[in-house]
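Data file: data24.tsv. Format and content: TSV, C-alpha atoms.
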chain	number	residue	atom	x	y	z
A	1	MET	CA	23.51	144.06	125.85
A	2	ALA	CA	21.87	144.88	129.17
A	3	THR	CA	21.83	148.43	130.31
A	4	ALA	CA	22.96	149.02	133.87
A	5	THR	CA	20.45	150.74	136.08
A	6	PRO	CA	22.07	153.38	138.30
A	7	ARG	CA	21.50	152.91	142.00
A	8	ILE	CA	21.17	155.57	144.64
A	9	SER	CA	22.56	154.72	148.01
A	10	GLU	CA	20.08	154.81	150.91
A	11	GLU	CA	22.67	156.73	152.90
A	12	THR	CA	22.93	159.52	150.34
A	13	ALA	CA	19.30	159.68	149.17
A	14	ALA	CA	17.49	162.78	150.46
A	15	PRO	CA	13.83	162.39	151.59
A	16	VAL	CA	11.36	163.80	149.15
A	17	GLU	CA	9.10	166.39	150.82
A	18	PRO	CA	5.72	167.34	149.37
A	19	ALA	CA	5.79	170.57	147.47
A	20	GLU	CA	4.06	173.48	149.18
A	21	ALA	CA	0.83	174.57	147.64
A	22	PRO	CA	1.22	177.89	145.90
A	23	ALA	CA	-0.21	180.83	147.75
A	24	PRO	CA	-3.54	182.00	146.36
A	25	VAL	CA	-3.19	184.80	143.90
A	26	GLY	CA	-5.70	187.60	144.10
A	27	PRO	CA	-6.63	190.30	141.64
A	28	LEU	CA	-3.82	192.15	139.87
A	29	GLY	CA	-1.46	189.20	140.52
A	30	LEU	CA	-0.98	190.01	144.20
A	31	VAL	CA	-0.50	187.13	146.60
A	32	SER	CA	-3.30	187.09	149.15
A	33	LYS	CA	-2.87	185.93	152.69
A	34	VAL	CA	-4.66	182.81	153.92
A	35	PRO	CA	-7.13	183.80	156.63
A	36	ALA	CA	-6.36	182.56	160.07
A	37	ALA	CA	-8.51	179.84	161.59
A	38	HIS	CA	-11.44	180.97	163.69
A	39	SER	CA	-11.04	181.00	167.43
A	40	PRO	CA	-12.75	178.13	169.32
A	41	LEU	CA	-15.44	180.49	170.68
A	42	LYS	CA	-16.26	181.91	167.25
A	43	GLN	CA	-16.37	178.42	165.79
A	44	ARG	CA	-18.76	177.23	168.49
A	45	VAL	CA	-21.00	180.21	167.77
A	46	ARG	CA	-20.96	179.43	164.05
A	47	ASP	CA	-21.78	175.78	164.71
A	48	PHE	CA	-24.60	176.72	167.08
A	49	ARG	CA	-26.13	179.08	164.50
A	50	ALA	CA	-25.85	176.42	161.81
A	51	ARG	CA	-27.67	173.87	164.00
A	52	HIS	CA	-30.45	176.32	164.88
A	53	ALA	CA	-30.75	178.26	161.62
A	54	LYS	CA	-34.54	177.88	161.45
A	55	TRP	CA	-35.02	179.10	165.02
A	56	GLU	CA	-32.76	182.07	164.33
A	57	LEU	CA	-34.87	182.93	161.28
A	58	ALA	CA	-38.07	182.65	163.34
A	59	LEU	CA	-36.64	184.86	166.10
A	60	PHE	CA	-35.68	187.66	163.71
A	61	PHE	CA	-38.99	187.30	161.90
A	62	PHE	CA	-41.13	187.71	165.03
A	63	ALA	CA	-38.85	190.42	166.42
A	64	SER	CA	-39.34	192.39	163.19
A	65	PHE	CA	-43.11	191.91	163.38
A	66	ALA	CA	-43.19	193.00	167.04
A	67	TYR	CA	-41.17	196.09	166.13
A	68	ASP	CA	-43.74	197.02	163.47
A	69	ILE	CA	-46.58	196.59	165.97
A	70	ALA	CA	-44.82	198.86	168.48
A	71	THR	CA	-43.75	201.58	166.04
A	72	LEU	CA	-46.24	201.61	163.16
A	73	ARG	CA	-48.33	204.77	163.11
A	74	ARG	CA	-51.92	205.29	162.04
A	75	ILE	CA	-52.99	203.78	158.75
A	76	ASP	CA	-53.76	207.25	157.39
A	77	ASN	CA	-50.38	208.71	158.34
A	78	TRP	CA	-48.91	210.20	155.17
A	79	LEU	CA	-45.36	209.29	156.15
A	80	VAL	CA	-46.42	205.62	156.43
A	81	LEU	CA	-48.34	205.79	153.14
A	82	THR	CA	-45.40	207.44	151.35
A	83	LYS	CA	-42.90	204.94	152.72
A	84	GLN	CA	-45.01	202.00	151.57
A	85	GLY	CA	-45.55	203.62	148.18
A	86	VAL	CA	-41.77	203.98	147.77
A	87	PHE	CA	-41.28	200.36	148.86
A	88	LEU	CA	-43.81	199.22	146.25
A	89	GLY	CA	-42.13	201.29	143.54
A	90	VAL	CA	-38.66	199.95	144.34
A	91	LEU	CA	-40.02	196.41	144.62
A	92	GLY	CA	-41.65	196.70	141.20
A	93	LEU	CA	-38.39	197.95	139.64
A	94	LEU	CA	-36.36	195.15	141.25
A	95	LEU	CA	-38.87	192.59	140.04
A	96	LEU	CA	-38.64	193.96	136.51
A	97	VAL	CA	-34.83	193.85	136.66
A	98	GLU	CA	-34.91	190.24	137.85
A	99	LEU	CA	-37.39	189.19	135.17
A	100	ARG	CA	-35.36	191.02	132.51
A	101	TRP	CA	-32.07	189.21	133.19
A	102	SER	CA	-32.98	185.99	134.98
A	103	TRP	CA	-33.86	183.86	131.95
A	104	ASP	CA	-30.56	182.70	130.49
A	105	THR	CA	-29.44	186.28	129.95
A	106	GLU	CA	-26.35	187.79	131.57
A	107	PRO	CA	-26.94	191.14	133.31
A	108	PRO	CA	-24.96	194.13	132.01
A	109	ARG	CA	-21.53	194.78	133.45
A	110	TRP	CA	-22.66	197.76	135.57
A	111	LEU	CA	-25.25	195.52	137.24
A	112	ALA	CA	-23.11	192.43	137.74
A	113	ARG	CA	-21.57	193.55	141.03
A	114	VAL	CA	-24.91	193.96	142.80
A	115	TRP	CA	-26.79	191.22	140.94
A	116	ARG	CA	-26.20	188.65	143.68
A	117	PHE	CA	-27.91	190.91	146.24
A	118	ARG	CA	-31.16	191.25	144.27
A	119	GLU	CA	-32.92	188.36	146.02
A	120	ASP	CA	-32.19	189.68	149.51
A	121	ALA	CA	-33.34	193.15	148.46
A	122	LEU	CA	-36.57	191.78	147.00
A	123	HIS	CA	-37.40	189.91	150.18
A	124	PHE	CA	-36.45	192.86	152.35
A	125	PHE	CA	-38.98	195.09	150.59
A	126	LEU	CA	-41.61	192.33	150.51
A	127	GLY	CA	-41.21	191.85	154.26
A	128	GLY	CA	-41.40	195.60	154.81
A	129	LEU	CA	-44.78	195.62	153.04
A	130	LEU	CA	-46.34	192.37	154.24
A	131	SER	CA	-45.67	193.11	157.90
A	132	PRO	CA	-47.78	196.33	158.12
A	133	TYR	CA	-50.48	194.80	155.89
A	134	THR	CA	-50.77	191.91	158.35
A	135	LEU	CA	-51.07	194.37	161.22
A	136	PHE	CA	-53.70	196.51	159.47
A	137	TYR	CA	-55.76	193.44	158.53
A	138	PHE	CA	-55.44	192.19	162.11
A	139	LYS	CA	-56.88	195.45	163.46
A	140	SER	CA	-59.82	195.31	161.06
A	141	ALA	CA	-60.50	191.55	161.22
A	142	SER	CA	-63.58	190.19	162.96
A	143	GLY	CA	-65.29	186.84	162.72
A	144	LEU	CA	-63.99	183.42	161.67
A	145	THR	CA	-63.66	184.05	157.93
A	146	ALA	CA	-61.74	187.29	158.45
A	147	PHE	CA	-59.35	185.59	160.86
A	148	LEU	CA	-58.81	182.75	158.37
A	149	PHE	CA	-57.86	185.36	155.80
A	150	LEU	CA	-55.56	186.99	158.36
A	151	THR	CA	-53.92	183.60	158.93
A	152	GLY	CA	-53.31	183.36	155.20
A	153	VAL	CA	-51.70	186.81	155.13
A	154	PHE	CA	-49.50	185.86	158.07
A	155	GLY	CA	-48.59	182.69	156.17
A	156	LEU	CA	-47.44	184.81	153.22
A	157	LEU	CA	-45.24	186.77	155.60
A	158	VAL	CA	-43.64	183.51	156.79
A	159	VAL	CA	-43.31	182.14	153.25
A	160	ASN	CA	-41.42	185.27	152.25
A	161	GLU	CA	-38.68	184.34	154.76
A	162	LEU	CA	-38.29	180.63	153.89
A	163	PRO	CA	-35.31	179.68	151.69
A	164	ARG	CA	-37.31	176.87	150.06
A	165	PHE	CA	-39.83	179.33	148.66
A	166	ARG	CA	-37.17	181.87	147.78
A	167	ALA	CA	-35.64	179.24	145.52
A	168	LEU	CA	-38.83	179.09	143.44
A	169	GLY	CA	-37.84	182.41	141.95
A	170	PRO	CA	-40.01	185.05	140.29
A	171	VAL	CA	-43.27	183.04	140.32
A	172	VAL	CA	-43.78	183.46	144.07
A	173	ARG	CA	-42.45	187.02	144.10
A	174	VAL	CA	-44.79	188.14	141.31
A	175	GLY	CA	-47.75	186.74	143.27
A	176	LEU	CA	-46.62	188.46	146.48
A	177	PHE	CA	-46.09	191.76	144.65
A	178	SER	CA	-49.59	191.50	143.16
A	179	PHE	CA	-51.06	190.94	146.64
A	180	CYS	CA	-49.08	193.86	148.12
A	181	LEU	CA	-50.22	196.23	145.39
A	182	THR	CA	-53.91	195.44	145.93
A	183	SER	CA	-53.57	195.68	149.72
A	184	TYR	CA	-51.91	199.08	149.47
A	185	CYS	CA	-54.51	200.49	147.08
A	186	ALA	CA	-57.35	198.99	149.15
A	187	TYR	CA	-56.68	201.44	151.99
A	188	LEU	CA	-54.95	204.22	150.06
A	189	LEU	CA	-58.06	204.92	147.94
A	190	PRO	CA	-60.44	205.23	150.96
A	191	VAL	CA	-57.94	207.48	152.75
A	192	VAL	CA	-57.58	209.74	149.71
A	193	LEU	CA	-61.28	209.80	148.78
A	194	GLY	CA	-62.64	209.93	152.34
A	195	TYR	CA	-65.10	207.01	152.39
A	196	TYR	CA	-65.26	203.21	152.43
A	197	SER	CA	-66.88	201.29	149.59
A	198	GLY	CA	-66.70	197.88	147.97
A	199	THR	CA	-66.28	199.67	144.65
A	200	LEU	CA	-62.94	201.03	145.85
A	201	PHE	CA	-61.69	197.52	146.61
A	202	MET	CA	-62.63	196.37	143.10
A	203	ALA	CA	-60.84	199.44	141.74
A	204	SER	CA	-57.74	198.34	143.67
A	205	VAL	CA	-57.96	194.90	142.07
A	206	GLY	CA	-58.29	196.54	138.66
A	207	LEU	CA	-55.17	198.66	139.20
A	208	SER	CA	-53.19	195.56	140.19
A	209	CYS	CA	-54.40	193.67	137.11
A	210	VAL	CA	-53.27	196.56	134.88
A	211	ALA	CA	-49.82	196.59	136.55
A	212	THR	CA	-49.51	192.80	136.12
A	213	LEU	CA	-50.43	193.01	132.44
A	214	LEU	CA	-47.89	195.80	131.86
A	215	ILE	CA	-45.14	193.73	133.50
A	216	THR	CA	-46.19	190.72	131.41
A	217	LEU	CA	-46.02	192.75	128.20
A	218	LEU	CA	-42.56	194.12	129.02
A	219	VAL	CA	-41.16	190.68	129.89
A	220	ARG	CA	-42.73	189.22	126.75
A	221	VAL	CA	-40.98	191.83	124.60
A	222	TRP	CA	-37.64	191.34	126.38
A	223	SER	CA	-37.60	187.55	126.40
A	224	GLY	CA	-39.54	186.72	123.24
A	225	GLU	CA	-41.08	183.76	125.13
A	226	GLY	CA	-44.84	184.09	125.33
A	227	ARG	CA	-45.70	180.80	127.02
A	228	ARG	CA	-43.00	181.10	129.68
A	229	THR	CA	-43.99	184.69	130.41
A	230	LEU	CA	-47.63	183.67	130.75
A	231	ARG	CA	-46.78	180.89	133.18
A	232	HIS	CA	-44.26	182.80	135.32
A	233	VAL	CA	-45.72	186.31	135.34
A	234	ALA	CA	-49.33	186.63	134.18
A	235	LEU	CA	-50.80	183.53	135.85
A	236	PRO	CA	-49.41	184.12	139.39
A	237	GLY	CA	-50.21	187.85	139.29
A	238	LEU	CA	-53.75	187.55	137.91
A	239	GLY	CA	-54.39	184.36	139.89
A	240	ILE	CA	-53.84	186.24	143.16
A	241	GLN	CA	-56.33	188.88	142.01
A	242	GLY	CA	-58.93	186.24	141.22
A	243	LEU	CA	-58.43	184.75	144.69
A	244	LEU	CA	-58.78	188.15	146.35
A	245	VAL	CA	-62.04	188.86	144.49
A	246	ALA	CA	-63.43	185.48	145.59
A	247	LEU	CA	-62.45	186.12	149.22
A	248	TYR	CA	-63.97	189.59	149.06
A	249	LEU	CA	-67.28	188.24	147.78
A	250	LEU	CA	-67.22	185.70	150.62
A	251	LYS	CA	-66.70	188.66	153.00
A	252	ALA	CA	-63.46	187.18	154.27
A	253	ILE	CA	-61.40	190.34	153.68
A	254	PRO	CA	-61.62	192.85	156.55
A	255	PRO	CA	-62.91	196.37	155.78
A	256	VAL	CA	-59.62	198.26	156.00
A	257	PRO	CA	-59.04	201.08	156.86
A	258	LEU	CA	-61.95	200.88	159.37
A	259	SER	CA	-61.26	199.09	162.67
A	260	MET	CA	-62.85	198.66	166.09
A	261	LEU	CA	-60.90	200.44	168.83
A	262	SER	CA	-63.11	199.31	171.72
A	263	SER	CA	-66.57	198.00	172.50
A	264	GLY	CA	-68.58	196.88	175.50
A	265	ILE	CA	-71.98	195.95	176.98
A	266	TYR	CA	-73.44	198.32	179.58
A	267	HIS	CA	-76.53	198.96	181.70
A	268	GLY	CA	-76.57	202.59	180.68
A	269	VAL	CA	-74.91	205.17	178.43
A	270	GLU	CA	-75.21	208.84	179.35
A	271	VAL	CA	-74.27	211.62	176.96
A	272	VAL	CA	-72.53	214.50	178.75
A	273	LYS	CA	-70.67	217.65	177.74
A	274	GLY	CA	-66.91	217.20	177.86
A	275	PRO	CA	-63.92	219.53	177.43
A	276	ARG	CA	-63.77	218.70	173.71
A	277	GLY	CA	-67.46	218.39	172.97
A	278	LYS	CA	-69.71	215.39	173.48
A	279	ASP	CA	-68.59	212.73	175.97
A	280	TYR	CA	-70.07	209.51	177.41
A	281	ARG	CA	-70.52	207.96	180.86
A	282	LEU	CA	-70.81	204.16	180.75
A	283	LEU	CA	-72.66	202.41	183.62
A	284	HIS	CA	-71.86	198.81	184.55
A	285	GLU	CA	-71.80	196.30	187.40
A	286	ARG	CA	-68.65	194.37	186.45
A	287	ALA	CA	-66.37	193.42	189.31
A	288	GLU	CA	-62.95	195.06	189.12
A	289	TRP	CA	-61.09	191.74	188.98
A	290	ARG	CA	-62.94	190.56	185.84
A	291	LEU	CA	-60.45	192.33	183.59
A	292	TRP	CA	-61.12	190.10	180.58
A	293	GLU	CA	-64.73	191.32	180.25
A	294	ARG	CA	-65.77	194.49	178.47
A	295	GLY	CA	-68.54	196.04	180.51
A	296	ASP	CA	-71.38	193.75	181.63
A	297	GLN	CA	-70.88	190.78	179.32
A	298	ASP	CA	-72.51	188.76	182.08
A	299	PHE	CA	-75.62	190.97	182.04
A	300	ARG	CA	-78.02	190.62	184.99
A	301	ALA	CA	-81.33	191.96	183.71
A	302	ARG	CA	-84.39	193.27	185.54
A	303	SER	CA	-87.75	194.09	184.01
A	304	GLY	CA	-87.53	197.20	181.80
A	305	ASP	CA	-83.71	197.09	181.55
A	306	ARG	CA	-81.93	198.09	178.37
A	307	VAL	CA	-78.77	196.43	177.08
A	308	TYR	CA	-76.45	199.04	175.61
A	309	PHE	CA	-73.74	198.30	173.09
A	310	PHE	CA	-71.12	201.06	173.04
A	311	ALA	CA	-68.35	201.08	170.42
A	312	SER	CA	-65.50	203.23	169.23
A	313	VAL	CA	-64.52	202.88	165.56
A	314	PHE	CA	-61.32	204.16	163.98
A	315	ALA	CA	-61.66	205.93	160.64
A	316	PRO	CA	-59.07	208.03	158.76
A	317	THR	CA	-59.08	211.79	159.20
A	318	SER	CA	-60.36	212.27	155.65
A	319	PHE	CA	-63.63	210.41	156.36
A	320	LYS	CA	-66.50	212.89	156.22
A	321	PRO	CA	-69.55	213.65	154.08
A	322	GLN	CA	-68.38	214.15	150.50
A	323	ARG	CA	-71.20	216.37	149.23
A	324	ALA	CA	-74.32	218.23	150.33
A	325	GLY	CA	-76.95	215.84	151.67
A	326	ASP	CA	-74.40	213.04	152.18
A	327	ARG	CA	-74.34	211.74	155.76
A	328	GLY	CA	-71.02	209.88	155.54
A	329	THR	CA	-70.08	206.19	155.57
A	330	ARG	CA	-73.03	204.07	156.65
A	331	LEU	CA	-72.66	201.49	159.43
A	332	VAL	CA	-75.07	198.86	160.79
A	333	ILE	CA	-75.37	197.40	164.31
A	334	ARG	CA	-76.99	193.94	164.32
A	335	TRP	CA	-78.24	192.07	167.39
A	336	TYR	CA	-78.39	188.26	167.32
A	337	TYR	CA	-80.09	185.92	169.79
A	338	ASP	CA	-79.46	182.20	170.24
A	339	ASP	CA	-83.07	181.01	170.29
A	340	PRO	CA	-83.49	177.58	171.98
A	341	GLU	CA	-85.69	176.43	169.08
A	342	LYS	CA	-84.40	178.33	166.02
A	343	GLY	CA	-80.73	178.78	166.91
A	344	TRP	CA	-78.89	181.99	166.09
A	345	SER	CA	-81.16	184.51	164.40
A	346	GLN	CA	-81.18	188.27	163.94
A	347	TYR	CA	-83.17	190.00	166.67
A	348	HIS	CA	-82.82	193.62	165.62
A	349	ALA	CA	-80.78	195.84	163.28
A	350	TYR	CA	-79.98	199.51	163.79
A	351	ASP	CA	-79.08	200.77	160.33
A	352	ASP	CA	-79.61	204.52	160.68
A	353	LEU	CA	-75.98	205.10	161.68
A	354	TYR	CA	-73.47	207.17	159.74
A	355	LEU	CA	-69.78	207.72	160.34
A	356	GLU	CA	-69.83	211.47	159.88
A	357	GLN	CA	-66.29	212.37	160.91
A	358	GLY	CA	-63.08	210.37	161.17
A	359	GLY	CA	-59.66	211.11	162.57
A	360	ARG	CA	-60.46	211.27	166.29
A	361	GLU	CA	-57.83	209.63	168.48
A	362	ARG	CA	-60.59	208.01	170.57
A	363	GLY	CA	-62.44	207.01	167.43
A	364	PHE	CA	-65.97	207.57	166.22
A	365	ARG	CA	-68.13	206.70	169.26
A	366	THR	CA	-71.69	205.47	169.08
A	367	PHE	CA	-74.15	203.18	170.85
A	368	ALA	CA	-77.38	201.23	170.37
A	369	TYR	CA	-79.65	199.29	172.71
A	370	VAL	CA	-82.44	196.73	172.99
A	371	THR	CA	-85.08	196.74	175.74
A	372	ASN	CA	-86.14	193.78	177.90
A	373	PRO	CA	-83.66	191.27	176.45
A	374	ARG	CA	-84.54	187.60	176.74
A	375	PRO	CA	-82.35	185.40	178.99
A	376	GLY	CA	-79.71	183.47	177.05
A	377	ASP	CA	-76.76	184.01	174.74
A	378	TRP	CA	-76.49	187.13	172.58
A	379	ARG	CA	-74.15	188.60	170.03
A	380	VAL	CA	-73.92	192.12	168.66
A	381	ALA	CA	-71.91	193.04	165.56
A	382	MET	CA	-71.00	196.29	163.86
A	383	GLU	CA	-70.80	196.03	160.09
A	384	THR	CA	-70.28	198.14	157.02
A	385	GLU	CA	-73.21	198.74	154.71
A	386	ASP	CA	-72.18	195.78	152.54
A	387	GLY	CA	-72.13	193.40	155.52
A	388	ARG	CA	-68.43	193.28	156.50
A	389	GLU	CA	-67.84	193.00	160.23
A	390	ILE	CA	-65.75	195.67	161.88
A	391	GLY	CA	-66.18	194.03	165.28
A	392	ARG	CA	-68.43	191.75	167.32
A	393	LEU	CA	-69.07	191.08	170.99
A	394	SER	CA	-70.82	188.18	172.72
A	395	PHE	CA	-72.65	188.41	176.04
A	396	THR	CA	-75.08	186.45	178.22
A	397	VAL	CA	-78.29	187.72	179.80
A	398	SER	CA	-79.46	186.19	183.08
A	399	PRO	CA	-82.55	187.28	185.07
A	400	ASP	CA	-82.06	189.34	188.23
A	401	ALA	CA	-84.96	188.85	190.65
A	402	SER	CA	-83.58	191.24	193.26
A	403	THR	CA	-85.40	194.52	193.98
A	404	ALA	CA	-82.58	196.12	196.00
A	405	PRO	CA	-81.21	199.43	194.68
A	406	ARG	CA	-78.27	199.02	192.33
A	407	GLU	CA	-75.11	201.09	192.38
A	408	PHE	CA	-73.42	201.23	189.02
A	409	LYS	CA	-69.74	201.87	188.42
A	410	VAL	CA	-68.94	204.60	185.88
A	411	GLU	CA	-66.24	204.69	183.26
A	412	ALA	CA	-65.53	207.20	180.54
A	413	GLY	CA	-66.44	206.30	177.01
This structure in structure tokens:
Amino acid sequence: MATATPRISEETAAPVEPAEAPAPVGPLGLVSKVPAAHSPLKQRVRDFRARHAKWELALFFFASFAYDIATLRRIDNWLVLTKQGVFLGVLGLLLLVELRWSWDTEPPRWLARVWRFREDALHFFLGGLLSPYTLFYFKSASGLTAFLFLTGVFGLLVVNELPRFRALGPVVRVGLFSFCLTSYCAYLLPVVLGYYSGTLFMASVGLSCVATLLITLLVRVWSGEGRRTLRHVALPGLGIQGLLVALYLLKAIPPVPLSMLSSGIYHGVEVVKGPRGKDYRLLHERAEWRLWERGDQDFRARSGDRVYFFASVFAPTSFKPQRAGDRGTRLVIRWYYDDPEKGWSQYHAYDDLYLEQGGRERGFRTFAYVTNPRPGDWRVAMETEDGREIGRLSFTVSPDASTAPREFKVEAG
């Protein structure tokens, strides 16, 4: 027997409307309100930022670097040194926290709320350290190899801001922390001890290696994974130190904290008594509109003329003789001549020069000269005792056959 199927009249059937989605329920069972749509202007701004995210990152990056250049104080300022020491300490603790709970281990409950901010905090402190290091290296850099190293440091500063490298996790951050620690110690030790030496740089490398090994040991104990710890912590940290030692031996690392404040080529240097002791009068023929030249870089020489190299070198306030009989940090001024037959070769070296007192706002001022220079291209460089350039200056000598009296312009040195 067939069963009758009940029919619903089209006239009486009510349209079926889709059920409303339930309102989102927030914590404690409270119904939360749906946020209103963004205004057209705000949405356009959001879309514009999304399309130009990389340019926005670059703008903030260079603005931050320019701010550091404008506001950063002397390298031996104890407020600056303390701030960077605190940054390094906090960075080390954050790195340890990340390594402790980043390998398939949930962070404790008290840390869970701020755990998602750890990466931003790590990169904030890394940026706060890399930026002044780049500036200090820039001030001390001279020569092609030093500027290549400076380019590498600047590259690290950029890498620190790129999301692609952030995603690589602790490997990159351990390497950057290792570099920051060596850079900090490399100028902290000379400032504290009052002299510059290659031994102090090697001591800085040693301190960073010890810190890396301690971190490796702690992570090894926490994780129980020796091979993974070696690959993610020890190798990047110690690898950076090996690279820094190689660059130092190649003389590519600038001699921080020393830096050249100014230098120039002159027809004469006169020592006079000033209001604060010894002062200098620098004699030159340079036309006023040749603002890009420092003194007489286009040197017109007559018979018997001397070419003077005058320089002002910054050194920390603590730089002074350390004991009786010590004359201070030794510097060398080397003159090079581009011989038409032999090429560039050393013409003369003045190595009886000692930086006896640092801390002067105008720097440690000194000069050297050569007599009757040959016509052609010249270069003069100031170096540390171990051959690291603090600064260099190129100039050209051309013969001056005139016998008319010369009137030199004078500037203070």
- Query: Which one is closest to Phe314 (chain A): A:Ile240, A:Leu99, A:Val256, A:Leu126? Count only C-alpha atoms.
  - Reply: A:Val256
- Item | Coordinates-based distance that separates CA of Asp296 (chain A) from CA of Val272 (chain A) (Å, one decimal) |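 Interatomic distance, CA of Val272 (chain A) to CA of Asp296 (chain A): 21.0 Å.
Distances from A:Arg173, A:Arg228, A:Lys278, A:Arg379 to Glu119 (chain A) were compared using all atoms listed in the file, and the smallest one belongs to A:Arg173.
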- Could you check which of A:Thr216, A:Ser197, A:Thr134, A:Ser263 is closest to Phe395 (chain A), using only C-alpha atoms? A:Ser263
- Skip Arg360 (chain A) itself and residues of its chain fewer than 3 positions away, then list as JSON, numbers by chain all residues within 9 Å of it, counting only C-alpha atoms. {"A": [314, 315, 316, 317, 357, 363, 364]}
- Query: What is the CA of Gly295 (chain A) to CA of Asp377 (chain A) distance in Å?
  - Reply: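 About the pair CA of Gly295 (chain A) and CA of Asp377 (chain A): they are 15.7 Å apart.
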- Item | Distance of CA of Gly175 (chain A) from CA of Ser131 (chain A), expressed in Å to one decimal place |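 So the two atoms, CA of Ser131 (chain A) and CA of Gly175 (chain A), lie 16.1 Å apart.
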